[in-house]
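Enquirer: The following file, structure-v7.pdb, comprises PDB, C-alpha atoms:
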```
ATOM      1  CA  MET A   1      14.220  -9.497  -8.885  1.00  0.00           C
ATOM      2  CA  SER A   2      15.653  -7.895 -12.032  1.00  0.00           C
ATOM      3  CA  ARG A   3      16.361  -4.167 -12.379  1.00  0.00           C
ATOM      4  CA  VAL A   4      13.398  -3.945 -14.795  1.00  0.00           C
ATOM      5  CA  ALA A   5      11.007  -5.599 -12.306  1.00  0.00           C
ATOM      6  CA  TRP A   6      12.431  -3.439  -9.530  1.00  0.00           C
ATOM      7  CA  GLY A   7      11.958  -0.392 -11.749  1.00  0.00           C
ATOM      8  CA  LEU A   8       8.330  -1.273 -12.343  1.00  0.00           C
ATOM      9  CA  THR A   9       7.790  -1.726  -8.620  1.00  0.00           C
ATOM     10  CA  LEU A  10       9.333   1.685  -8.081  1.00  0.00           C
ATOM     11  CA  ALA A  11       7.294   3.079 -10.921  1.00  0.00           C
ATOM     12  CA  ALA A  12       4.176   2.273  -8.979  1.00  0.00           C
ATOM     13  CA  CYS A  13       5.293   4.031  -5.879  1.00  0.00           C
ATOM     14  CA  ALA A  14       8.492   5.920  -6.679  1.00  0.00           C
ATOM     15  CA  LEU A  15       9.980   4.140  -3.659  1.00  0.00           C
ATOM     16  CA  GLY A  16      13.669   4.816  -2.979  1.00  0.00           C
ATOM     17  CA  VAL A  17      15.401   1.771  -1.523  1.00  0.00           C
ATOM     18  CA  THR A  18      18.330  -0.297  -2.679  1.00  0.00           C
ATOM     19  CA  THR A  19      17.956  -3.278  -4.989  1.00  0.00           C
ATOM     20  CA  ARG A  20      19.468  -5.603  -2.353  1.00  0.00           C
ATOM     21  CA  ARG A  21      16.623  -4.830   0.051  1.00  0.00           C
ATOM     22  CA  ILE A  22      13.952  -5.543  -2.564  1.00  0.00           C
ATOM     23  CA  VAL A  23      15.614  -8.806  -3.606  1.00  0.00           C
ATOM     24  CA  ALA A  24      15.466  -9.820   0.045  1.00  0.00           C
ATOM     25  CA  GLN A  25      11.692  -9.145  -0.124  1.00  0.00           C
ATOM     26  CA  GLU A  26      11.869  -6.612   2.706  1.00  0.00           C
ATOM     27  CA  VAL A  27       8.842  -4.377   3.018  1.00  0.00           C
ATOM     28  CA  THR A  28      10.282  -0.884   3.191  1.00  0.00           C
ATOM     29  CA  THR A  29       8.784   2.493   3.922  1.00  0.00           C
ATOM     30  CA  ALA A  30      10.359   5.540   2.296  1.00  0.00           C
ATOM     31  CA  PRO A  31       9.453   9.142   3.048  1.00  0.00           C
ATOM     32  CA  LEU A  32       8.832  11.783   0.420  1.00  0.00           C
ATOM     33  CA  THR A  33      12.044  13.784   0.115  1.00  0.00           C
ATOM     34  CA  ARG A  34      10.785  16.455  -2.282  1.00  0.00           C
ATOM     35  CA  GLY A  35       7.729  17.153  -4.358  1.00  0.00           C
ATOM     36  CA  THR A  36       5.678  19.639  -6.314  1.00  0.00           C
ATOM     37  CA  LEU A  37       1.916  19.658  -6.686  1.00  0.00           C
ATOM     38  CA  SER A  38       0.521  22.086  -9.247  1.00  0.00           C
ATOM     39  CA  PHE A  39      -2.551  22.744 -11.332  1.00  0.00           C
ATOM     40  CA  ASP A  40      -3.158  24.539 -14.621  1.00  0.00           C
ATOM     41  CA  ALA A  41      -6.444  26.429 -14.919  1.00  0.00           C
ATOM     42  CA  LYS A  42      -8.175  28.684 -17.422  1.00  0.00           C
ATOM     43  CA  ALA A  43     -10.173  31.772 -16.562  1.00  0.00           C
ATOM     44  CA  SER A  44     -11.775  34.637 -18.438  1.00  0.00           C
ATOM     45  CA  LEU A  45      -8.701  36.797 -17.737  1.00  0.00           C
ATOM     46  CA  GLY A  46      -6.285  34.099 -18.945  1.00  0.00           C
ATOM     47  CA  ALA A  47      -4.642  30.860 -17.915  1.00  0.00           C
ATOM     48  CA  PHE A  48      -2.798  30.504 -14.620  1.00  0.00           C
ATOM     49  CA  THR A  49      -0.940  27.913 -12.560  1.00  0.00           C
ATOM     50  CA  GLY A  50      -1.084  27.207  -8.840  1.00  0.00           C
ATOM     51  CA  THR A  51       1.848  25.464  -7.186  1.00  0.00           C
ATOM     52  CA  THR A  52       3.113  24.167  -3.871  1.00  0.00           C
ATOM     53  CA  THR A  53       6.325  22.427  -2.867  1.00  0.00           C
ATOM     54  CA  THR A  54       5.131  21.937   0.714  1.00  0.00           C
ATOM     55  CA  MET A  55       4.374  18.228   0.636  1.00  0.00           C
ATOM     56  CA  THR A  56       4.647  15.183   2.874  1.00  0.00           C
ATOM     57  CA  GLY A  57       4.106  11.520   2.178  1.00  0.00           C
ATOM     58  CA  GLU A  58       5.483   8.020   2.238  1.00  0.00           C
ATOM     59  CA  MET A  59       5.496   4.840   0.238  1.00  0.00           C
ATOM     60  CA  HIS A  60       5.325   1.251   1.410  1.00  0.00           C
ATOM     61  CA  GLY A  61       7.228  -1.175  -0.795  1.00  0.00           C
ATOM     62  CA  ALA A  62       6.151  -4.683  -1.658  1.00  0.00           C
ATOM     63  CA  ALA A  63       7.449  -7.728  -3.489  1.00  0.00           C
ATOM     64  CA  SER A  64       5.139  -6.959  -6.400  1.00  0.00           C
ATOM     65  CA  LEU A  65       3.680  -3.918  -8.091  1.00  0.00           C
ATOM     66  CA  ALA A  66       0.177  -4.804  -6.891  1.00  0.00           C
ATOM     67  CA  GLY A  67       1.176  -4.596  -3.237  1.00  0.00           C
ATOM     68  CA  VAL A  68       2.719  -1.132  -3.238  1.00  0.00           C
ATOM     69  CA  ARG A  69       0.837   1.511  -1.251  1.00  0.00           C
ATOM     70  CA  GLY A  70       1.441   5.099  -0.217  1.00  0.00           C
ATOM     71  CA  TRP A  71       0.155   8.627   0.143  1.00  0.00           C
ATOM     72  CA  VAL A  72       1.120  12.248  -0.424  1.00  0.00           C
ATOM     73  CA  GLU A  73      -0.511  15.445   0.765  1.00  0.00           C
ATOM     74  CA  ALA A  74      -0.106  19.206   0.719  1.00  0.00           C
ATOM     75  CA  PRO A  75      -1.642  21.944   2.864  1.00  0.00           C
ATOM     76  CA  SER A  76      -4.389  23.673   0.866  1.00  0.00           C
ATOM     77  CA  LYS A  77      -3.136  27.057   2.068  1.00  0.00           C
ATOM     78  CA  SER A  78       0.305  26.431   0.558  1.00  0.00           C
ATOM     79  CA  LEU A  79      -1.004  26.622  -3.041  1.00  0.00           C
ATOM     80  CA  SER A  80       0.059  29.873  -4.702  1.00  0.00           C
ATOM     81  CA  THR A  81      -0.664  31.424  -8.095  1.00  0.00           C
ATOM     82  CA  SER A  82       1.674  34.391  -7.427  1.00  0.00           C
ATOM     83  CA  ASN A  83      -1.356  36.691  -7.484  1.00  0.00           C
ATOM     84  CA  GLY A  84      -2.556  37.756  -4.038  1.00  0.00           C
ATOM     85  CA  HIS A  85      -6.156  38.481  -5.041  1.00  0.00           C
ATOM     86  CA  ARG A  86      -6.516  35.201  -6.948  1.00  0.00           C
ATOM     87  CA  ASP A  87      -4.887  33.319  -4.034  1.00  0.00           C
ATOM     88  CA  ARG A  88      -7.445  34.772  -1.610  1.00  0.00           C
ATOM     89  CA  ASP A  89     -10.276  33.738  -3.966  1.00  0.00           C
ATOM     90  CA  MET A  90      -8.773  30.249  -4.251  1.00  0.00           C
ATOM     91  CA  ALA A  91      -8.431  29.943  -0.454  1.00  0.00           C
ATOM     92  CA  SER A  92     -12.079  30.974  -0.095  1.00  0.00           C
ATOM     93  CA  SER A  93     -13.246  28.495  -2.767  1.00  0.00           C
ATOM     94  CA  LEU A  94     -11.224  25.672  -1.189  1.00  0.00           C
ATOM     95  CA  GLU A  95     -12.426  26.671   2.305  1.00  0.00           C
ATOM     96  CA  ILE A  96      -8.907  26.043   3.578  1.00  0.00           C
ATOM     97  CA  ASP A  97      -9.791  26.516   7.268  1.00  0.00           C
ATOM     98  CA  LYS A  98     -12.393  23.769   7.011  1.00  0.00           C
ATOM     99  CA  PHE A  99     -10.490  21.514   4.569  1.00  0.00           C
ATOM    100  CA  PRO A 100      -6.780  22.088   5.298  1.00  0.00           C
ATOM    101  CA  VAL A 101      -5.197  19.362   3.114  1.00  0.00           C
ATOM    102  CA  ILE A 102      -5.195  17.983  -0.411  1.00  0.00           C
ATOM    103  CA  HIS A 103      -4.473  14.257  -0.150  1.00  0.00           C
ATOM    104  CA  PHE A 104      -3.788  11.337  -2.519  1.00  0.00           C
ATOM    105  CA  ASP A 105      -3.880   7.659  -1.485  1.00  0.00           C
ATOM    106  CA  LEU A 106      -2.255   5.107  -3.790  1.00  0.00           C
ATOM    107  CA  ASP A 107      -4.370   1.947  -4.150  1.00  0.00           C
ATOM    108  CA  SER A 108      -2.662   0.215  -7.090  1.00  0.00           C
ATOM    109  CA  ALA A 109      -0.577   0.805 -10.179  1.00  0.00           C
ATOM    110  CA  SER A 110      -0.275  -0.485 -13.695  1.00  0.00           C
ATOM    111  CA  ALA A 111       2.964  -0.555 -15.640  1.00  0.00           C
ATOM    112  CA  GLY A 112       3.483   0.555 -19.219  1.00  0.00           C
ATOM    113  CA  GLN A 113       6.474   0.596 -21.528  1.00  0.00           C
ATOM    114  CA  GLN A 114      10.010   1.020 -20.300  1.00  0.00           C
ATOM    115  CA  HIS A 115      12.412   3.408 -22.058  1.00  0.00           C
ATOM    116  CA  GLY A 116      15.986   3.301 -20.781  1.00  0.00           C
ATOM    117  CA  ASP A 117      16.036   4.419 -17.162  1.00  0.00           C
ATOM    118  CA  SER A 118      12.349   5.431 -17.169  1.00  0.00           C
ATOM    119  CA  ALA A 119       9.063   3.580 -17.324  1.00  0.00           C
ATOM    120  CA  ALA A 120       5.486   4.580 -18.024  1.00  0.00           C
ATOM    121  CA  VAL A 121       3.125   3.908 -15.143  1.00  0.00           C
ATOM    122  CA  THR A 122      -0.410   4.790 -14.114  1.00  0.00           C
ATOM    123  CA  LEU A 123      -1.156   5.277 -10.445  1.00  0.00           C
ATOM    124  CA  HIS A 124      -4.696   4.443  -9.330  1.00  0.00           C
ATOM    125  CA  GLY A 125      -5.959   5.940  -6.127  1.00  0.00           C
ATOM    126  CA  ARG A 126      -8.123   8.519  -4.431  1.00  0.00           C
ATOM    127  CA  PHE A 127      -7.777  12.306  -4.326  1.00  0.00           C
ATOM    128  CA  THR A 128      -9.338  14.160  -1.417  1.00  0.00           C
ATOM    129  CA  ILE A 129      -9.900  17.833  -2.210  1.00  0.00           C
ATOM    130  CA  HIS A 130     -12.253  20.191  -0.368  1.00  0.00           C
ATOM    131  CA  GLY A 131     -13.216  17.311   1.942  1.00  0.00           C
ATOM    132  CA  GLN A 132     -14.515  15.111  -0.871  1.00  0.00           C
ATOM    133  CA  THR A 133     -12.827  11.948  -2.131  1.00  0.00           C
ATOM    134  CA  HIS A 134     -12.944  10.558  -5.674  1.00  0.00           C
ATOM    135  CA  SER A 135     -11.064   7.856  -7.562  1.00  0.00           C
ATOM    136  CA  VAL A 136      -8.462   9.053 -10.061  1.00  0.00           C
ATOM    137  CA  SER A 137      -5.807   7.621 -12.337  1.00  0.00           C
ATOM    138  CA  ILE A 138      -2.576   9.543 -12.782  1.00  0.00           C
ATOM    139  CA  ALA A 139      -0.605   8.658 -15.909  1.00  0.00           C
ATOM    140  CA  GLY A 140       3.086   9.426 -15.812  1.00  0.00           C
ATOM    141  CA  TRP A 141       6.688   8.341 -15.826  1.00  0.00           C
ATOM    142  CA  THR A 142       9.145   7.167 -13.215  1.00  0.00           C
ATOM    143  CA  TRP A 143      12.943   7.292 -13.138  1.00  0.00           C
ATOM    144  CA  VAL A 144      14.736   4.758 -11.014  1.00  0.00           C
ATOM    145  CA  ALA A 145      18.147   4.784  -9.331  1.00  0.00           C
ATOM    146  CA  ALA A 146      19.669   2.631  -6.594  1.00  0.00           C
ATOM    147  CA  THR A 147      18.964   5.326  -3.992  1.00  0.00           C
ATOM    148  CA  GLY A 148      15.551   6.583  -5.005  1.00  0.00           C
ATOM    149  CA  ALA A 149      12.932   7.149  -7.636  1.00  0.00           C
ATOM    150  CA  ARG A 150      10.970  10.008  -9.121  1.00  0.00           C
ATOM    151  CA  PHE A 151       7.406   9.998 -10.438  1.00  0.00           C
ATOM    152  CA  ARG A 152       5.960  12.725 -12.659  1.00  0.00           C
ATOM    153  CA  GLY A 153       2.333  12.503 -13.699  1.00  0.00           C
ATOM    154  CA  VAL A 154      -0.744  14.410 -14.780  1.00  0.00           C
ATOM    155  CA  THR A 155      -4.512  13.999 -14.502  1.00  0.00           C
ATOM    156  CA  PRO A 156      -7.544  16.141 -15.369  1.00  0.00           C
ATOM    157  CA  ILE A 157      -9.909  17.028 -12.528  1.00  0.00           C
ATOM    158  CA  ASP A 158     -13.326  18.651 -12.502  1.00  0.00           C
ATOM    159  CA  VAL A 159     -13.276  20.802  -9.344  1.00  0.00           C
ATOM    160  CA  LYS A 160     -17.078  20.827  -9.196  1.00  0.00           C
ATOM    161  CA  ASP A 161     -16.925  17.059  -8.564  1.00  0.00           C
ATOM    162  CA  TYR A 162     -15.173  18.009  -5.304  1.00  0.00           C
ATOM    163  CA  GLY A 163     -17.750  20.633  -4.363  1.00  0.00           C
ATOM    164  CA  VAL A 164     -15.445  23.580  -5.075  1.00  0.00           C
ATOM    165  CA  GLY A 165     -17.545  26.670  -5.738  1.00  0.00           C
ATOM    166  CA  GLY A 166     -16.891  30.341  -6.264  1.00  0.00           C
ATOM    167  CA  LEU A 167     -15.763  29.864  -9.857  1.00  0.00           C
ATOM    168  CA  SER A 168     -17.749  32.874 -11.041  1.00  0.00           C
ATOM    169  CA  LYS A 169     -17.235  36.457  -9.788  1.00  0.00           C
ATOM    170  CA  MET A 170     -18.729  39.852 -10.572  1.00  0.00           C
ATOM    171  CA  LEU A 171     -22.092  38.439 -11.710  1.00  0.00           C
ATOM    172  CA  GLY A 172     -20.417  36.017 -14.101  1.00  0.00           C
ATOM    173  CA  VAL A 173     -18.089  38.519 -15.785  1.00  0.00           C
ATOM    174  CA  LEU A 174     -15.057  36.703 -14.332  1.00  0.00           C
ATOM    175  CA  LYS A 175     -15.189  32.916 -14.595  1.00  0.00           C
ATOM    176  CA  MET A 176     -12.816  30.035 -14.027  1.00  0.00           C
ATOM    177  CA  ASN A 177     -13.208  26.818 -16.011  1.00  0.00           C
ATOM    178  CA  GLN A 178     -14.158  23.928 -13.721  1.00  0.00           C
ATOM    179  CA  MET A 179     -11.714  21.570 -15.482  1.00  0.00           C
ATOM    180  CA  ILE A 180      -8.113  21.805 -14.272  1.00  0.00           C
ATOM    181  CA  THR A 181      -4.996  19.776 -15.014  1.00  0.00           C
ATOM    182  CA  VAL A 182      -3.249  18.500 -11.891  1.00  0.00           C
ATOM    183  CA  ARG A 183       0.485  17.777 -12.080  1.00  0.00           C
ATOM    184  CA  ILE A 184       2.528  15.887  -9.521  1.00  0.00           C
ATOM    185  CA  ASP A 185       6.303  15.501  -9.343  1.00  0.00           C
ATOM    186  CA  VAL A 186       7.556  13.531  -6.331  1.00  0.00           C
ATOM    187  CA  VAL A 187      10.802  11.943  -5.194  1.00  0.00           C
ATOM    188  CA  PHE A 188      11.073   9.165  -2.633  1.00  0.00           C
ATOM    189  CA  GLY A 189      14.545   8.339  -1.415  1.00  0.00           C
ATOM    190  CA  HIS A 190      17.495  10.392  -2.619  1.00  0.00           C
ATOM    191  CA  LEU A 191      18.194  11.381  -6.219  1.00  0.00           C
ATOM    192  CA  PRO A 192      20.551  14.042  -7.563  1.00  0.00           C
ATOM    193  CA  THR A 193      18.791  17.356  -8.223  1.00  0.00           C
TER
END
```
What's the structure tokens form of this structure?

Expert:
Amino acid sequence: MSRVAWGLTLAACALGVTTRRIVAQEVTTAPLTRGTLSFDAKASLGAFTGTTTTMTGEMHGAASLAGVRGWVEAPSKSLSTSNGHRDRDMASSLEIDKFPVIHFDLDSASAGQQHGDSAAVTLHGRFTIHGQTHSVSIAGWTWVAATGARFRGVTPIDVKDYGVGGLSKMLGVLKMNQMITVRIDVVFGHLPT
């Protein structure tokens, strides 16, 4: 399998294994070694970002892009906007005791253009937020090395689709827009920081 084909396979899953193992058609599982899940939101008092780097996950390699599978998740309570009051409101809206994780399952991927050591890719899967699961596509880029791969992507999400409430406070004076932009940056295998 060529480096380009291997790169596209990795683009689907950001799976960090050596080229020799893929050429041998070994199915390999690689754990998430680092990641960031964040969201950008707008509210009546201004825009804000929530972030967590507390993530787990793994990817299962395959001989072709279509066969790659995997998952990543983060504890809902680990999301932080660096504002204690807003974080408490967010925890209440997400009902973190009842729905403790935000989870993504990778079902398939489609490859785009390659540019040097990176390739465009769209991951297709299912996000579970607030106990509700919906299909999503996450467009992004992957960078491939012999020891690992990184995927960075973005997708819009309507939090009301996931049953998240509490977006309006103080009789509607303070409001949060229901549309957020979710960003994911994950590394499987080992890449230089």

Enquirer: Can you list every residue of range 34-131 of chain A that has an atom at most 7 Å from range 159-169 of chain A, with its nearest atom pair and the distance in Å to one decimal, using only C-alpha atoms, ordered by chain then number, as a tab-separated table?

Expert:
```
residue	atom	partner	partner_atom	distance
A:Ser93	CA	A:Gly166	CA	5.4
A:Leu94	CA	A:Val164	CA	6.1
A:Ile129	CA	A:Tyr162	CA	6.1
A:His130	CA	A:Tyr162	CA	6.1
```

Enquirer: A:Ala139, A:Leu123, A:Leu37, A:Ala43: which is nearest Ile184 in chain A, counting only C-alpha atoms?

Expert: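 Counting only C-alpha atoms, the residue closest to Ile184 in chain A is A:Leu37.
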
Enquirer: Evaluate the PyMOL selection byres ((chain A and resi 95) around 10) on the structure here and hand back the selected residues as a ChimeraX atom specification.

Expert: /A:76-77,89-94,96-100,130-131,164-165

Enquirer: Exactly which residues make up the result of the PyMOL selection byres ((chain A and resi 41) around 10) on this file, given as a count of residues only?

Expert: 17

Enquirer: Can you list what the PyMOL selection byres ((chain A and resi 74) around 10) grabs from this structure, as a PyMOL selection string?

Expert: chain A and resi 35-37+52-57+72-73+75-79+100-104

Enquirer: Could you check how far CA of Arg34 in chain A sits from CA of Ile138 in chain A, in Å to one decimal?

Expert: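 Result for CA of Arg34 in chain A versus CA of Ile138 in chain A: 18.3 Å, one decimal.
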
Enquirer: Using only C-alpha atoms, find the one residue out of A:Lys175, A:Arg69, A:His85, A:His60 that sits nearest to His124 in chain A.

Expert: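 Going through A:Lys175, A:Arg69, A:His85, A:His60 one by one, the smallest distance to His124 in chain A is for A:Arg69.
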
Enquirer: Provide the CA of His134 in chain A to CA of Val121 in chain A distance in Å, to one decimal place.

Expert: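 For CA of His134 in chain A relative to CA of Val121 in chain A, the distance reads 19.8 Å.
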
Enquirer: By how many Å are CA of Ile157 in chain A and CA of Gly189 in chain A apart?

Expert: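 Separation of CA of Ile157 in chain A and CA of Gly189 in chain A: 28.2 Å.
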
Enquirer: With only C-alpha atoms as the atoms that count, which of A:Arg183, A:Val144, A:Ser135, A:Thr51 lies nearest to Asp87 in chain A?

Expert: A:Thr51

Enquirer: Would you fill out range 172-186 of chain A with N, CA, C and O atoms and return it as an mmCIF file, in the coordinates of the input?

Expert:
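File written: rebuild.cif
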```
data_model
loop_
_atom_site.group_PDB
_atom_site.id
_atom_site.type_symbol
_atom_site.label_atom_id
_atom_site.label_comp_id
_atom_site.auth_asym_id
_atom_site.auth_seq_id
_atom_site.Cartn_x
_atom_site.Cartn_y
_atom_site.Cartn_z
ATOM 1 N N GLY A 172 -20.749 36.856 -12.956
ATOM 2 C CA GLY A 172 -20.417 36.017 -14.101
ATOM 3 C C GLY A 172 -19.466 36.637 -15.107
ATOM 4 O O GLY A 172 -19.111 35.998 -16.096
ATOM 5 N N VAL A 173 -19.035 37.878 -14.865
ATOM 6 C CA VAL A 173 -18.089 38.519 -15.785
ATOM 7 C C VAL A 173 -16.739 37.802 -15.732
ATOM 8 O O VAL A 173 -16.104 37.570 -16.751
ATOM 9 N N LEU A 174 -16.307 37.437 -14.510
ATOM 10 C CA LEU A 174 -15.057 36.703 -14.332
ATOM 11 C C LEU A 174 -15.391 35.259 -13.993
ATOM 12 O O LEU A 174 -16.104 34.988 -13.025
ATOM 13 N N LYS A 175 -14.895 34.337 -14.802
ATOM 14 C CA LYS A 175 -15.189 32.916 -14.595
ATOM 15 C C LYS A 175 -13.908 32.096 -14.690
ATOM 16 O O LYS A 175 -13.002 32.427 -15.465
ATOM 17 N N MET A 176 -13.892 31.017 -13.922
ATOM 18 C CA MET A 176 -12.816 30.035 -14.027
ATOM 19 C C MET A 176 -13.425 28.750 -14.544
ATOM 20 O O MET A 176 -14.498 28.331 -14.098
ATOM 21 N N ASN A 177 -12.759 28.103 -15.492
ATOM 22 C CA ASN A 177 -13.208 26.818 -16.011
ATOM 23 C C ASN A 177 -13.126 25.776 -14.903
ATOM 24 O O ASN A 177 -12.141 25.723 -14.166
ATOM 25 N N GLN A 178 -14.142 24.929 -14.780
ATOM 26 C CA GLN A 178 -14.158 23.928 -13.721
ATOM 27 C C GLN A 178 -13.175 22.788 -13.960
ATOM 28 O O GLN A 178 -12.832 22.068 -13.026
ATOM 29 N N MET A 179 -12.699 22.612 -15.184
ATOM 30 C CA MET A 179 -11.714 21.570 -15.482
ATOM 31 C C MET A 179 -10.305 22.124 -15.291
ATOM 32 O O MET A 179 -9.956 23.165 -15.842
ATOM 33 N N ILE A 180 -9.507 21.432 -14.473
ATOM 34 C CA ILE A 180 -8.113 21.805 -14.272
ATOM 35 C C ILE A 180 -7.239 20.597 -14.589
ATOM 36 O O ILE A 180 -7.716 19.462 -14.640
ATOM 37 N N THR A 181 -5.971 20.848 -14.811
ATOM 38 C CA THR A 181 -4.996 19.776 -15.014
ATOM 39 C C THR A 181 -4.082 19.751 -13.809
ATOM 40 O O THR A 181 -3.410 20.750 -13.513
ATOM 41 N N VAL A 182 -4.079 18.644 -13.087
ATOM 42 C CA VAL A 182 -3.249 18.500 -11.891
ATOM 43 C C VAL A 182 -1.960 17.791 -12.285
ATOM 44 O O VAL A 182 -1.974 16.774 -12.978
ATOM 45 N N ARG A 183 -0.839 18.354 -11.816
ATOM 46 C CA ARG A 183 0.485 17.777 -12.080
ATOM 47 C C ARG A 183 1.159 17.443 -10.755
ATOM 48 O O ARG A 183 1.075 18.220 -9.814
ATOM 49 N N ILE A 184 1.812 16.289 -10.724
ATOM 50 C CA ILE A 184 2.528 15.887 -9.521
ATOM 51 C C ILE A 184 3.926 15.432 -9.911
ATOM 52 O O ILE A 184 4.117 14.774 -10.927
ATOM 53 N N ASP A 185 4.899 15.848 -9.120
ATOM 54 C CA ASP A 185 6.303 15.501 -9.343
ATOM 55 C C ASP A 185 6.887 15.204 -7.966
ATOM 56 O O ASP A 185 7.071 16.118 -7.164
ATOM 57 N N VAL A 186 7.124 13.927 -7.667
ATOM 58 C CA VAL A 186 7.556 13.531 -6.331
ATOM 59 C C VAL A 186 8.791 12.644 -6.382
ATOM 60 O O VAL A 186 8.988 11.879 -7.321
#
```
